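In what follows, a single structure is set out as structure tokens and then discussed.
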Amino acid sequence: MDFDEIKGTFVLESSELLDKMEEALLRLESAPHDTEAINALFRSAHTIKGSAGIVDFKRVEGFTHVAENVLDKVRDGAITISGDLIGLLLKCRDHIKTIIALSSESDDTELKGVLVDEEGSLLTALRSFLGATLSQDAPEQAPVEAIAEDRAPSGRQVSTENWHISLRFGPDILKHGLDPMSFISYLGRLGTIVSLATLYDAIPPASEYDAEACYLGIEMDFKSDFDKKTIEDVFEFIREDSKIRIIPPKSEIDEYINFINDMTEDSFRLGDILLKGGALTENELKEALRLQTEKGREAGAEKLGDILVKEALVDKKVIDAALDKQKSVRAQGAREAKTIRVDADKLDSLINLVGELVIAGGSISQHAQRVADSELIEASYVLGRLLEDIRDRAMTVRMVPIGDTFSRFQRVLRDISKSIGNDIALVIKGGETELDKTVVEKIVDPLTHLVRNSADHGIEAGPERARKGKPATGTITLNAFHDAGSIVIEVSDDGKGLDKERIVKKAIEKGLIKGGQNLSDSEVYSLIFEPGFSTAENITKLSGRGVGMDVVRRNIEELRGAVHIKSETDKGTVVSIRLPLTLAIIDGFLVKVGPSFYVIPLDMVVECVELPSSERGSVVGRSYINLRGAVLPYIRLKEVFSEEAAEVKYENIVVVQYAGQKVGFVVDELFGEVQAVIRSLGRLYRGIVGVSGATILGDGKVALIVDVPKLIGSVELAGA
């Protein structure tokens, strides 16, 4: 990891912290005394400031320091949370995001033009809350006082006024371009280093020594008024590679016991556990070992513990805890991290490789069937099952909850509410619903447009809502749930609804329909997706109901999804977006129509039934059959895709269900389940209705993937 990579990590983690700041500020707007939100807000700002200092983003560090001072006063109760303060801090959060982006793109972090004025006004406003002028620059480094070579060998009490910090820097820290002592220097800004011992016990023999590796260890006592999280944040960028132990001041015996129990050291020696746990200094351990040697006692962890207790160097309870930890380390080893950060490109590459494996596995399975080798068939079956498990687990890695995407609209609605003067609340449901990360990334823009339209033109003004007997606060609801192998996202509001008469009138004016046409509600509402269509009398800077809706539909269709609208006058509008769970690999049902193969998404398949000749004769001139007493409309794929007729004794109907409606697809042959790796069609074929992509079968043939929603929507079903 070079320094550029470290800066990239800072930018990524800062983005997450800025999101937490925004979330905390929005929580404080409705609950100004939420202590947890206040503390989270302060921690985020302080971590950004400290990390910015480490990566030398001076402007970020300086500006965030002033905001941090305000938040510190809020935390202490000296400044009261108000709407004005929250609005100011939201603007500061946005500015921090901007200057982090500028600092990461270029070494020249000087702001120009409007950004200079914006930063100046924000600093002035922050200082007005503090009631005194603060320096824009980061605080001067506090002097490092009383740095001794080591602490006294004995007499140190368990309870102390100072923090105890134990550091073992990772061996690659120098290769990453980091100076270990810069972290110690930065600690000086948070307090005073009372004593410091430099340890080199990790240095290997000369034959194994790496001149570029770091073997440095440090034990220090540190005096500071900051909390543990703040001190830990100083070491944010070396936390994974280094061993860091921090014990708070005034820690009693139980604190040391708990600390030892939480250690993840790989050493089995009692002395190392006590030393690295902060319960024992290097000199105290040397003194105990000296006494052990002088008295001729045999080496042993328990007997070393007896010496430490007898000499009053360590309390017996701490010794017992260390011995238990020693046994635990032997039995279980060090605990492993539960999460790791993986680059998105690596995940995409993994999915592509899994897709190739699926295709290769299908080829092996087909070959095994052709040669009729029972052992090979069995082996291919086992391989197919394992490939399916690998595929499912790989796809799970790509799935992310949509709740985080929904939450960002809290800020959007707040800004719109302030702009237009309406009170609007956001309700989130189904935030735990998981969706492919690629789909989540691409659905943000359409959702933003829909939310802004609902807020600006769907929700009525307060007086109008009062006349209609509605609550003064309008509500926009974001909901997500799974349905028939798809995910459905709903954007609903309790506003005035769509005006069908105005939509029809506007459509006639634009020549989209002819006067006198009898259109269903669904057909009328679909008109707003036409390019440039709008019924708004006054176009605002935020939105106009219908303006840009063609872009919304196009973006959703590119994701192989569909959008539907339901609306009721004075009760509100519901926009439903139906999307596939993934864009990579699906379970499919393979069928043959004429000479061609097609794959129908398995999640939508309900059942397969045979269409006997007697039934075929009874449905001439109509497109539905009687299926166990119920009317089932059907589509002949042979006619839809203009396939050549094939001589088959029987035709089959694949019954699919989509959005609560059952439809039959008439096909020639059924082949059963397959794993389909979705391949995009070329630009020339993207306009084909009813086809969402293609896949490669095991024998190398290409099968088209049926786009069930589009196919149903494009064909008129008699009797439906």
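All residue names refer to the structure tokens as shown: chains lettered A, B, ... in order, residues numbered from 1 in each chain, ligands numbered from 1 in order.
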
Near range 586-593 of chain A, counting only C-alpha atoms, which residues have an atom at most 7 Å away, once you skip same-chain residues fewer than 3 positions from it, shown as an mmCIF file with N, CA and C atoms, in the first residue's frame?
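Printed below is out.cif as written:
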```cif
data_model
loop_
_atom_site.group_PDB
_atom_site.id
_atom_site.type_symbol
_atom_site.label_atom_id
_atom_site.label_comp_id
_atom_site.auth_asym_id
_atom_site.auth_seq_id
_atom_site.Cartn_x
_atom_site.Cartn_y
_atom_site.Cartn_z
ATOM 1 N N SER A 596 -35.106 -22.758 -32.325
ATOM 2 C CA SER A 596 -34.361 -21.906 -31.391
ATOM 3 C C SER A 596 -34.647 -22.257 -29.940
ATOM 4 N N PHE A 597 -33.656 -21.921 -29.086
ATOM 5 C CA PHE A 597 -33.780 -22.152 -27.646
ATOM 6 C C PHE A 597 -34.053 -20.821 -26.941
ATOM 7 N N TYR A 598 -34.871 -20.900 -25.886
ATOM 8 C CA TYR A 598 -35.184 -19.724 -25.072
ATOM 9 C C TYR A 598 -35.103 -20.120 -23.601
ATOM 10 N N VAL A 599 -34.730 -19.125 -22.771
ATOM 11 C CA VAL A 599 -34.664 -19.346 -21.324
ATOM 12 C C VAL A 599 -35.664 -18.410 -20.652
ATOM 13 N N ILE A 600 -36.561 -18.990 -19.860
ATOM 14 C CA ILE A 600 -37.536 -18.216 -19.090
ATOM 15 C C ILE A 600 -37.052 -18.169 -17.639
ATOM 16 N N PRO A 601 -36.965 -16.991 -16.995
ATOM 17 C CA PRO A 601 -36.517 -16.917 -15.592
ATOM 18 C C PRO A 601 -37.326 -17.862 -14.710
ATOM 19 N N LEU A 602 -36.618 -18.739 -14.018
ATOM 20 C CA LEU A 602 -37.273 -19.804 -13.264
ATOM 21 C C LEU A 602 -38.148 -19.267 -12.140
ATOM 22 N N LEU A 637 -45.096 -18.117 -28.414
ATOM 23 C CA LEU A 637 -43.767 -17.552 -28.657
ATOM 24 C C LEU A 637 -43.349 -17.724 -30.113
ATOM 25 N N LYS A 638 -43.883 -18.742 -30.777
ATOM 26 C CA LYS A 638 -43.550 -18.975 -32.182
ATOM 27 C C LYS A 638 -43.999 -17.785 -33.036
ATOM 28 N N GLU A 643 -40.769 -17.550 -35.412
ATOM 29 C CA GLU A 643 -39.997 -18.772 -35.586
ATOM 30 C C GLU A 643 -40.675 -19.689 -36.620
ATOM 31 N N VAL A 667 -44.928 -23.311 -26.128
ATOM 32 C CA VAL A 667 -43.618 -23.674 -26.681
ATOM 33 C C VAL A 667 -43.701 -25.077 -27.256
ATOM 34 N N ASP A 668 -42.658 -25.467 -27.975
ATOM 35 C CA ASP A 668 -42.645 -26.787 -28.618
ATOM 36 C C ASP A 668 -42.097 -27.871 -27.700
ATOM 37 N N GLU A 669 -40.955 -27.588 -27.039
ATOM 38 C CA GLU A 669 -40.318 -28.607 -26.203
ATOM 39 C C GLU A 669 -39.872 -28.002 -24.876
ATOM 40 N N LEU A 670 -39.827 -28.846 -23.843
ATOM 41 C CA LEU A 670 -39.363 -28.457 -22.514
ATOM 42 C C LEU A 670 -38.068 -29.202 -22.202
ATOM 43 N N PHE A 671 -37.052 -28.482 -21.675
ATOM 44 C CA PHE A 671 -35.771 -29.115 -21.359
ATOM 45 C C PHE A 671 -35.409 -29.036 -19.877
ATOM 46 N N GLY A 672 -36.117 -28.240 -19.115
ATOM 47 C CA GLY A 672 -35.856 -28.190 -17.677
ATOM 48 C C GLY A 672 -34.954 -27.044 -17.252
ATOM 49 N N GLU A 673 -34.483 -27.133 -16.002
ATOM 50 C CA GLU A 673 -33.743 -26.044 -15.369
ATOM 51 C C GLU A 673 -32.319 -25.930 -15.918
ATOM 52 N N VAL A 674 -31.866 -24.697 -16.044
ATOM 53 C CA VAL A 674 -30.480 -24.416 -16.423
ATOM 54 C C VAL A 674 -30.011 -23.192 -15.639
ATOM 55 N N GLN A 675 -28.694 -23.070 -15.480
ATOM 56 C CA GLN A 675 -28.119 -21.848 -14.935
ATOM 57 C C GLN A 675 -27.706 -20.974 -16.112
ATOM 58 N N ALA A 676 -28.250 -19.784 -16.169
ATOM 59 C CA ALA A 676 -28.017 -18.909 -17.315
ATOM 60 C C ALA A 676 -27.136 -17.737 -16.916
ATOM 61 N N VAL A 677 -25.996 -17.631 -17.578
ATOM 62 C CA VAL A 677 -25.110 -16.476 -17.401
ATOM 63 C C VAL A 677 -25.568 -15.404 -18.386
#
```

Do a neighbour search on Glu557 in chain A at 12 Å with only C-alpha atoms, toss out local chain neighbours closer than 3 positions, and write the hits as a list in words.
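Close residues of Glu557 in chain A: Val439, Lys442, Ile443, Pro446, Asp550, Val551, Val552, Arg553, Arg554, Arg560, Gly561, Ala562, Val563, His564, Ile577, Arg578, Leu579, Pro580, Arg686, Gly687, Val689, Gly690, Val691, Ser692, Asp707, Pro709 and Lys710 of chain A.
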
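For the atom pair formed by CA of Gly361 in chain A and CA of Val605 in chain A, the distance is 23.5 Å, given to one decimal.
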
Within 12 Å of Glu23 in chain A, counting only C-alpha atoms, which residues show up once you throw out same-chain ones fewer than 5 positions away? Write them as a count of residues only, please.
25

What does the distance from CA of Val55 in chain A to CA of Phe222 in chain A come to in Å, to one decimal?
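If I compute the distance from CA of Val55 in chain A to CA of Phe222 in chain A, I get 23.2 Å.
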
Per-residue DSSP, range 8-212 of chain A, filtered to helix (DSSP H, G or I), as a PyMOL selection string:
chain A and resi 8-30+35-54+58-76+83-105+114-130+180-187+206-208

What is the distance between CA of Tyr624 in chain A and CA of Ile565 in chain A, in Å to one decimal?
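Atom-to-atom, CA of Tyr624 in chain A and CA of Ile565 in chain A are spaced 26.8 Å apart.
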